[in-house]
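A quick write-up on the structure given underneath.
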Amino acid sequence: MSRVPSRRTIANLPQTSETWQIAVAKLRTWIVSAEGRPARPSVIFVFDPYEGIIIYTELVEPARVPDGVAGVLLKGMRKPLPGGGAPRRPAAVVVSPDLVEPIASALARYALDMTIQEGQPPEEFTELIRDLEAHLRDDEAEHPGLLSVKGATPELVGGLFAAAAEFYRAAPWVQLTNSHMLAVRHPAEPKPRFASVMGNGGVQYGLATFLNWSDVEQMFGGVDHPTEAIPEAGGHTLFFDTADIVPFDDLDAMEQYGWEVAAEDAYPIPIIYERDSARRPELIDLLWYEAALRAIPEFVRDHLKLDASGDFAPAEAAIEVDTHAGPVNVDVKYPAGKLPLEAYPVHDVDWADFEDEGEEEDEIPVLDRRVMESMMAKAVGAPRSGDRKLDKAQQIMYQAWEETNPAKRIALAHKALSTSANCADAYVLLAEEEAGTVGRALELYEQGVTAGERALGREYFKAGVGHFWGMIETRPYMRARDGLAHTLWRLNRRDEATRHFQDMLRLNPDDNQGVRYSLLDLLLEMNRDDEAAKLIKKYRDEWSSVWCYTRALLEYRQSGASDRARKALARALEQNPHAPDYLIGKKRIPNRLPSLLGLGDENEAIDYAAKHLNHWRRTPGAVDWLAEQFEANTAATRSRSDSPRRQ
């Protein structure tokens, strides 16, 4: 942006009898601000309405319009755009009433004798703005606002925004995962809709809703491509995001009617996704959202209670909520229906893949560590088990890990099993890549553990305690047991999973597999803080975000904002200063998690937050304490860096 010309430069310009007009418009497009954030700009035009020429124009951030408009006028006098004529001063300017004072103040500072007239730009100006907006959007069509929905009123949409703000502040995603399916019935509909709360992973917040239970089963039943999970009637959702995702009609209506928004990244956006497009919801959808967004947080707070298994006990309630049209009774039930965890697909729908479709992948591919093990075995010679068939089967599995074709990998695993039923690694590969459901994966991992036990023999488990994994022949068994423990965890069989993890650490205290991280996460999930603290102490020299930040969290849980807790957090901030941004919500966890981590880097911070965010959010006061300590630490660091160095 060019500088405002000096007083002397302006005073020396020739005076004309022209009358110029200044017009300002807030554009329906977005630019990146100086701070790197999306900003909706305003455009300032200086033009001669009689000659029909534009003298000068400039994009400014809306907050700078009052001061910027005078500067644009002065720059237009000194250096008009091509086609705007020679440098000169007009005799008068026409401005809208709200700009008279800033223009008058600027002209007084420059001692310019110029008449200021009130007036509005001609109709042609609106057409000019529309053309400019279309150009800045690359002619992409605008999405209609919620008031375009047949029957929608400012009062209804305002009620929806208020309900969404209440829902966002209540943060029910702290307690619920997307697999906790609620049945929610609005009195205007005969049947309930099925709602899944998004946000437990810290990525996308809001509600995913389903009109039929069969649509829920389709979503969780396993699909080859994310679009196949979208129901034929469309995928209904209301998500929260930043203003640059909101239709401009809604943004303008927000200013006009004062609709409520909870935070900068909490603009509610209800939408229906088709398999190749998207559309606005209908009137009944808006009514349902307004009521459901108010009822769900109350249901979670007052009616959902954890049972002995760690899940919520069944509950249902009729909840009266306030809406724009008055009180409404909403029926809410949990669980909404029966979806056996064993029937869930092994691999969830990866919406990040869908969103990134067509983009180049810039991640460095991660090498399967089993391939490295295969190369090591070839270099130094694979250990002999004493079972020729098992040794041959293991060689086939080394070949399978190096194979990039999934079908061939699976075929080789079956070949290994036909060679020896004691080949644990073959069961592991089939559980990972062939099993369609979690239940089938569990069966294969259990078979893998049993095969590993047969292959090693009972005496091995006595003589080899403390040295597992260090001996390469134990690794297939340890891989199978790790897969089994994680699958049991996924099935909410947490106590069984815990015992497996603990015994694996007994067999291999050096923990080459990183079992301690899974066990720590699971213990926190089960509120077994004393055991988690003992595990932290056992690996006291660990220098990672998981260990340092979790130690601080446990200290806070045990003693509040004590000196011990502050010291532990100071150590964590030293280890990784990036983590608090994601834990306190200044940054959102990205859809695609990083595959490569470095101690103390932002990737490690993202990975830690993705797995441990809810442990912090479920601890009363912990996030606020972290934010306070982080700000104090940042201020102290800034103060030290700004202080003059001693000579």
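Here, A, B, ... name the chains of the structure tokens in the order displayed, residue numbers run from 1 inside each chain, and ligands are numbered from 1 in the same displayed order.
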
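Residues in contact range of Ala424 of chain A, defined as at most 7 Å between only C-alpha atoms, with sequence neighbours fewer than 5 positions away removed, read A:Gly448, A:Val449, A:Ala451, A:Gly452, A:Pro476, A:Tyr477, A:Ala480.
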
Could you save the residues just selected, with N, CA, C and O atoms, as a CSV table (one decimal), in the first residue's frame?
```csv
chain,number,residue,atom,x,y,z
A,448,GLY,N,-3.1,-65.2,16.5
A,448,GLY,CA,-1.7,-64.9,16.4
A,448,GLY,C,-1.0,-65.0,17.7
A,448,GLY,O,0.2,-65.5,17.8
A,449,VAL,N,-1.6,-64.5,18.8
A,449,VAL,CA,-1.0,-64.7,20.2
A,449,VAL,C,-0.8,-66.1,20.5
A,449,VAL,O,0.2,-66.6,21.0
A,451,ALA,N,-0.6,-68.6,18.5
A,451,ALA,CA,0.5,-69.2,17.6
A,451,ALA,C,1.8,-68.8,18.1
A,451,ALA,O,2.8,-69.7,18.1
A,452,GLY,N,2.0,-67.6,18.6
A,452,GLY,CA,3.3,-67.2,19.1
A,452,GLY,C,3.6,-67.9,20.4
A,452,GLY,O,4.8,-68.2,20.6
A,476,PRO,N,7.2,-61.6,16.5
A,476,PRO,CA,5.9,-61.9,16.0
A,476,PRO,C,4.9,-62.0,17.1
A,476,PRO,O,3.8,-61.5,16.9
A,477,TYR,N,5.2,-62.6,18.2
A,477,TYR,CA,4.3,-62.8,19.3
A,477,TYR,C,4.0,-61.4,19.9
A,477,TYR,O,2.8,-61.1,20.1
A,480,ALA,N,1.6,-59.5,17.6
A,480,ALA,CA,0.2,-60.0,17.7
A,480,ALA,C,-0.4,-59.6,19.0
A,480,ALA,O,-1.6,-59.2,19.1
```

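Residues within 12 Å of Gly457 of chain A, counting only C-alpha atoms and excluding same-chain residues fewer than 6 positions away, are Ser385, Gly386, Asp387, Asn422, Thr450, Ala451, Ala463, Gly464, Glu473, Thr474 and Tyr477 of chain A.
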
Those residues you just picked out, can you put them in a file as a CSV table (one decimal), in the first residue's frame with all heavy atoms?
```csv
chain,number,residue,atom,x,y,z
A,385,SER,N,14.3,-71.4,14.7
A,385,SER,CA,13.4,-71.8,15.8
A,385,SER,C,13.5,-73.3,16.2
A,385,SER,O,13.0,-73.6,17.2
A,385,SER,CB,11.9,-71.4,15.4
A,385,SER,OG,11.5,-72.3,14.4
A,386,GLY,N,14.1,-74.0,15.3
A,386,GLY,CA,14.0,-75.5,15.5
A,386,GLY,C,12.9,-76.1,14.8
A,386,GLY,O,12.7,-77.3,14.8
A,387,ASP,N,12.0,-75.3,14.2
A,387,ASP,CA,10.9,-75.8,13.5
A,387,ASP,C,11.0,-75.3,12.1
A,387,ASP,O,10.9,-74.1,11.7
A,387,ASP,CB,9.6,-75.2,14.1
A,387,ASP,CG,8.3,-75.7,13.4
A,387,ASP,OD1,8.4,-76.1,12.3
A,387,ASP,OD2,7.2,-75.5,14.0
A,422,ASN,N,1.9,-71.9,13.2
A,422,ASN,CA,2.5,-71.2,14.3
A,422,ASN,C,3.1,-69.9,13.9
A,422,ASN,O,3.8,-69.2,14.7
A,422,ASN,CB,3.6,-72.0,14.9
A,422,ASN,CG,3.0,-73.3,15.7
A,422,ASN,OD1,1.8,-73.3,16.0
A,422,ASN,ND2,3.9,-74.3,15.9
A,450,THR,N,-1.8,-66.9,20.3
A,450,THR,CA,-1.8,-68.3,20.6
A,450,THR,C,-0.7,-69.0,19.8
A,450,THR,O,0.1,-69.9,20.3
A,450,THR,CB,-3.1,-69.0,20.3
A,450,THR,OG1,-4.1,-68.4,21.1
A,450,THR,CG2,-3.1,-70.5,20.7
A,451,ALA,N,-0.6,-68.6,18.5
A,451,ALA,CA,0.5,-69.2,17.6
A,451,ALA,C,1.8,-68.8,18.1
A,451,ALA,O,2.8,-69.7,18.1
A,451,ALA,CB,0.3,-68.7,16.2
A,463,ALA,N,12.3,-68.0,31.0
A,463,ALA,CA,13.7,-67.6,30.8
A,463,ALA,C,13.9,-66.3,30.1
A,463,ALA,O,14.9,-65.6,30.4
A,463,ALA,CB,14.4,-68.7,30.0
A,464,GLY,N,13.0,-65.9,29.3
A,464,GLY,CA,13.2,-64.7,28.5
A,464,GLY,C,12.6,-63.4,29.0
A,464,GLY,O,12.6,-62.4,28.4
A,473,GLU,N,13.2,-63.6,17.6
A,473,GLU,CA,12.1,-64.6,17.4
A,473,GLU,C,10.9,-64.3,18.3
A,473,GLU,O,9.8,-64.9,18.1
A,473,GLU,CB,12.7,-66.0,17.8
A,473,GLU,CG,13.2,-66.1,19.2
A,473,GLU,CD,14.7,-65.7,19.4
A,473,GLU,OE1,15.2,-65.0,18.5
A,473,GLU,OE2,15.3,-66.2,20.3
A,474,THR,N,11.0,-63.3,19.2
A,474,THR,CA,9.8,-63.0,20.1
A,474,THR,C,9.0,-61.9,19.4
A,474,THR,O,7.8,-61.7,19.9
A,474,THR,CB,10.3,-62.4,21.4
A,474,THR,OG1,11.0,-61.2,21.2
A,474,THR,CG2,11.2,-63.4,22.1
A,477,TYR,N,5.2,-62.6,18.2
A,477,TYR,CA,4.3,-62.8,19.3
A,477,TYR,C,4.0,-61.4,19.9
A,477,TYR,O,2.8,-61.1,20.1
A,477,TYR,CB,4.9,-63.6,20.4
A,477,TYR,CG,4.2,-63.6,21.7
A,477,TYR,CD1,3.1,-64.3,21.9
A,477,TYR,CD2,4.8,-62.8,22.7
A,477,TYR,CE1,2.4,-64.2,23.2
A,477,TYR,CE2,4.1,-62.7,24.0
A,477,TYR,CZ,2.9,-63.4,24.2
A,477,TYR,OH,2.3,-63.3,25.4
```

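Reported to one decimal place, the separation of atom CA of Glu282 of chain A from atom CA of Gly151 of chain A is 8.7 Å.
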
Got a sec: who's within 12 Å of Asp302 of chain A, counting only C-alpha atoms, leaving out chain neighbours fewer than 2 positions off, as a PyMOL selection string? chain A and resi 172+295-300+304-306+315-319+332

Kindly save the residues from that selection, with all heavy atoms included, as a JSON list (two decimals), in the first residue's frame.
```json
[["chain", "number", "residue", "atom", "x", "y", "z"],
["A", 172, "PRO", "N", -20.24, -30.59, 24.42],
["A", 172, "PRO", "CA", -20.58, -31.98, 24.74],
["A", 172, "PRO", "C", -19.61, -32.99, 24.15],
["A", 172, "PRO", "O", -19.61, -34.16, 24.56],
["A", 172, "PRO", "CB", -21.99, -32.14, 24.15],
["A", 172, "PRO", "CG", -22.08, -31.11, 23.07],
["A", 172, "PRO", "CD", -21.27, -29.95, 23.57],
["A", 295, "ALA", "N", -31.06, -29.24, 23.50],
["A", 295, "ALA", "CA", -31.41, -30.40, 24.32],
["A", 295, "ALA", "C", -30.22, -31.31, 24.61],
["A", 295, "ALA", "O", -30.09, -31.85, 25.71],
["A", 295, "ALA", "CB", -32.51, -31.19, 23.62],
["A", 296, "ILE", "N", -29.33, -31.49, 23.62],
["A", 296, "ILE", "CA", -28.24, -32.46, 23.78],
["A", 296, "ILE", "C", -27.31, -32.11, 24.94],
["A", 296, "ILE", "O", -27.00, -32.99, 25.76],
["A", 296, "ILE", "CB", -27.48, -32.62, 22.45],
["A", 296, "ILE", "CG1", -28.36, -33.37, 21.45],
["A", 296, "ILE", "CG2", -26.16, -33.36, 22.66],
["A", 296, "ILE", "CD1", -27.78, -33.44, 20.05],
["A", 297, "PRO", "N", -26.82, -30.87, 25.07],
["A", 297, "PRO", "CA", -25.94, -30.58, 26.22],
["A", 297, "PRO", "C", -26.62, -30.84, 27.57],
["A", 297, "PRO", "O", -25.98, -31.34, 28.50],
["A", 297, "PRO", "CB", -25.61, -29.10, 26.04],
["A", 297, "PRO", "CG", -25.78, -28.84, 24.58],
["A", 297, "PRO", "CD", -26.93, -29.70, 24.18],
["A", 298, "GLU", "N", -27.92, -30.52, 27.66],
["A", 298, "GLU", "CA", -28.63, -30.76, 28.92],
["A", 298, "GLU", "C", -28.75, -32.26, 29.18],
["A", 298, "GLU", "O", -28.61, -32.73, 30.31],
["A", 298, "GLU", "CB", -30.01, -30.11, 28.88],
["A", 298, "GLU", "CG", -30.78, -30.24, 30.18],
["A", 298, "GLU", "CD", -32.10, -29.47, 30.16],
["A", 298, "GLU", "OE1", -32.22, -28.50, 29.38],
["A", 298, "GLU", "OE2", -33.01, -29.86, 30.93],
["A", 299, "PHE", "N", -29.02, -33.03, 28.14],
["A", 299, "PHE", "CA", -29.12, -34.49, 28.29],
["A", 299, "PHE", "C", -27.79, -35.08, 28.74],
["A", 299, "PHE", "O", -27.75, -35.93, 29.64],
["A", 299, "PHE", "CB", -29.55, -35.10, 26.96],
["A", 299, "PHE", "CG", -29.71, -36.59, 26.98],
["A", 299, "PHE", "CD1", -30.81, -37.18, 27.58],
["A", 299, "PHE", "CD2", -28.75, -37.41, 26.41],
["A", 299, "PHE", "CE1", -30.96, -38.57, 27.61],
["A", 299, "PHE", "CE2", -28.89, -38.79, 26.43],
["A", 299, "PHE", "CZ", -30.00, -39.37, 27.03],
["A", 300, "VAL", "N", -26.70, -34.63, 28.14],
["A", 300, "VAL", "CA", -25.37, -35.13, 28.51],
["A", 300, "VAL", "C", -25.06, -34.77, 29.96],
["A", 300, "VAL", "O", -24.55, -35.60, 30.74],
["A", 300, "VAL", "CB", -24.30, -34.56, 27.57],
["A", 300, "VAL", "CG1", -22.90, -34.89, 28.06],
["A", 300, "VAL", "CG2", -24.50, -35.09, 26.15],
["A", 304, "LEU", "N", -26.79, -38.59, 31.31],
["A", 304, "LEU", "CA", -25.82, -39.63, 30.95],
["A", 304, "LEU", "C", -24.89, -39.91, 32.12],
["A", 304, "LEU", "O", -24.24, -38.99, 32.64],
["A", 304, "LEU", "CB", -25.01, -39.21, 29.72],
["A", 304, "LEU", "CG", -25.68, -39.37, 28.35],
["A", 304, "LEU", "CD1", -24.68, -39.10, 27.25],
["A", 304, "LEU", "CD2", -26.29, -40.76, 28.17],
["A", 305, "LYS", "N", -24.81, -41.17, 32.51],
["A", 305, "LYS", "CA", -23.94, -41.58, 33.61],
["A", 305, "LYS", "C", -23.09, -42.77, 33.15],
["A", 305, "LYS", "O", -23.60, -43.68, 32.49],
["A", 305, "LYS", "CB", -24.75, -41.99, 34.84],
["A", 305, "LYS", "CG", -25.78, -40.96, 35.29],
["A", 305, "LYS", "CD", -25.13, -39.65, 35.72],
["A", 305, "LYS", "CE", -26.20, -38.64, 36.13],
["A", 305, "LYS", "NZ", -25.61, -37.31, 36.43],
["A", 306, "LEU", "N", -21.82, -42.78, 33.52],
["A", 306, "LEU", "CA", -20.93, -43.88, 33.14],
["A", 306, "LEU", "C", -21.29, -45.13, 33.91],
["A", 306, "LEU", "O", -21.61, -45.09, 35.11],
["A", 306, "LEU", "CB", -19.48, -43.50, 33.42],
["A", 306, "LEU", "CG", -18.85, -42.45, 32.50],
["A", 306, "LEU", "CD1", -17.48, -42.04, 33.00],
["A", 306, "LEU", "CD2", -18.76, -42.99, 31.08],
["A", 315, "ALA", "N", -30.15, -44.31, 28.75],
["A", 315, "ALA", "CA", -30.93, -43.22, 29.35],
["A", 315, "ALA", "C", -31.83, -42.61, 28.30],
["A", 315, "ALA", "O", -31.53, -42.64, 27.11],
["A", 315, "ALA", "CB", -29.99, -42.15, 29.91],
["A", 316, "GLU", "N", -32.95, -42.08, 28.76],
["A", 316, "GLU", "CA", -33.82, -41.32, 27.88],
["A", 316, "GLU", "C", -34.56, -40.29, 28.71],
["A", 316, "GLU", "O", -34.80, -40.47, 29.90],
["A", 316, "GLU", "CB", -34.78, -42.23, 27.11],
["A", 316, "GLU", "CG", -35.64, -43.14, 27.93],
["A", 316, "GLU", "CD", -36.46, -44.06, 27.03],
["A", 316, "GLU", "OE1", -37.21, -43.54, 26.16],
["A", 316, "GLU", "OE2", -36.35, -45.30, 27.18],
["A", 317, "ALA", "N", -34.92, -39.17, 28.04],
["A", 317, "ALA", "CA", -35.57, -38.08, 28.76],
["A", 317, "ALA", "C", -36.33, -37.20, 27.78],
["A", 317, "ALA", "O", -35.97, -37.11, 26.60],
["A", 317, "ALA", "CB", -34.53, -37.25, 29.51],
["A", 318, "ALA", "N", -37.41, -36.58, 28.29],
["A", 318, "ALA", "CA", -38.12, -35.54, 27.56],
["A", 318, "ALA", "C", -37.64, -34.20, 28.12],
["A", 318, "ALA", "O", -37.82, -33.92, 29.30],
["A", 318, "ALA", "CB", -39.62, -35.69, 27.73],
["A", 319, "ILE", "N", -37.00, -33.41, 27.28],
["A", 319, "ILE", "CA", -36.37, -32.18, 27.74],
["A", 319, "ILE", "C", -37.06, -30.98, 27.12],
["A", 319, "ILE", "O", -37.18, -30.90, 25.89],
["A", 319, "ILE", "CB", -34.87, -32.18, 27.38],
["A", 319, "ILE", "CG1", -34.17, -33.37, 28.05],
["A", 319, "ILE", "CG2", -34.21, -30.87, 27.76],
["A", 319, "ILE", "CD1", -32.73, -33.53, 27.66],
["A", 332, "VAL", "N", -34.99, -37.37, 23.91],
["A", 332, "VAL", "CA", -33.60, -37.78, 23.65],
["A", 332, "VAL", "C", -33.37, -39.14, 24.28],
["A", 332, "VAL", "O", -33.80, -39.39, 25.42],
["A", 332, "VAL", "CB", -32.59, -36.75, 24.21],
["A", 332, "VAL", "CG1", -31.17, -37.12, 23.77],
["A", 332, "VAL", "CG2", -32.94, -35.34, 23.77]]
```

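What separates atom CA of Leu583 of chain A from atom CA of His615 of chain A is a distance of 9.9 Å.
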
Excluding Pro247 of chain A and residues on its chain fewer than 4 positions from it, collect all residues at most 9 Å away from it, counting only C-alpha atoms, and give them as a VMD selection string. chain A and resid 28 142 to 146 243 251 to 252 269

Serialized selection, N, CA and C atoms, as a compact mmCIF listing (two decimals), in the first residue's frame:
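Dumped everything to selection25.txt:
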```txt
# COMPACT_ATOMS: atom_id res chain seq x y z
N ARG A 28 -17.92 -9.03 -0.96
CA ARG A 28 -18.35 -10.40 -0.67
C ARG A 28 -17.29 -11.37 -1.18
N GLU A 142 -21.89 -17.87 -5.60
CA GLU A 142 -22.08 -17.73 -4.16
C GLU A 142 -23.09 -18.75 -3.65
N HIS A 143 -22.93 -19.13 -2.37
CA HIS A 143 -23.89 -20.02 -1.73
C HIS A 143 -24.97 -19.17 -1.07
N PRO A 144 -26.23 -19.56 -1.20
CA PRO A 144 -27.31 -18.77 -0.59
C PRO A 144 -27.28 -18.88 0.93
N GLY A 145 -27.82 -17.86 1.60
CA GLY A 145 -27.88 -17.85 3.05
C GLY A 145 -29.08 -18.60 3.58
N LEU A 146 -29.17 -18.71 4.91
CA LEU A 146 -30.24 -19.47 5.53
C LEU A 146 -31.60 -18.81 5.35
N ALA A 243 -15.41 -17.51 9.79
CA ALA A 243 -16.35 -16.70 9.02
C ALA A 243 -16.18 -16.85 7.52
N LEU A 251 -23.56 -13.63 6.68
CA LEU A 251 -22.72 -12.65 7.36
C LEU A 251 -23.40 -11.28 7.39
N ASP A 252 -23.99 -10.90 6.27
CA ASP A 252 -24.68 -9.62 6.21
C ASP A 252 -25.90 -9.62 7.13
N ILE A 269 -22.72 -23.70 10.59
CA ILE A 269 -22.96 -23.87 9.15
C ILE A 269 -23.73 -25.16 8.93
```

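Going from atom CA of Arg88 of chain A to atom CA of Thr16 of chain A covers 6.9 Å.
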
Using only C-alpha atoms, which of the listed residues (A:Phe312, A:Trp469, A:Trp547, A:Phe45) sits closest to Leu132 of chain A? A:Phe45

Extract, using only C-alpha atoms, all DNA, RNA and protein residues at most 10 Å from segment 512-524 of chain A, discarding same-chain residues fewer than 3 positions from it, and format them as a count of residues only. 42
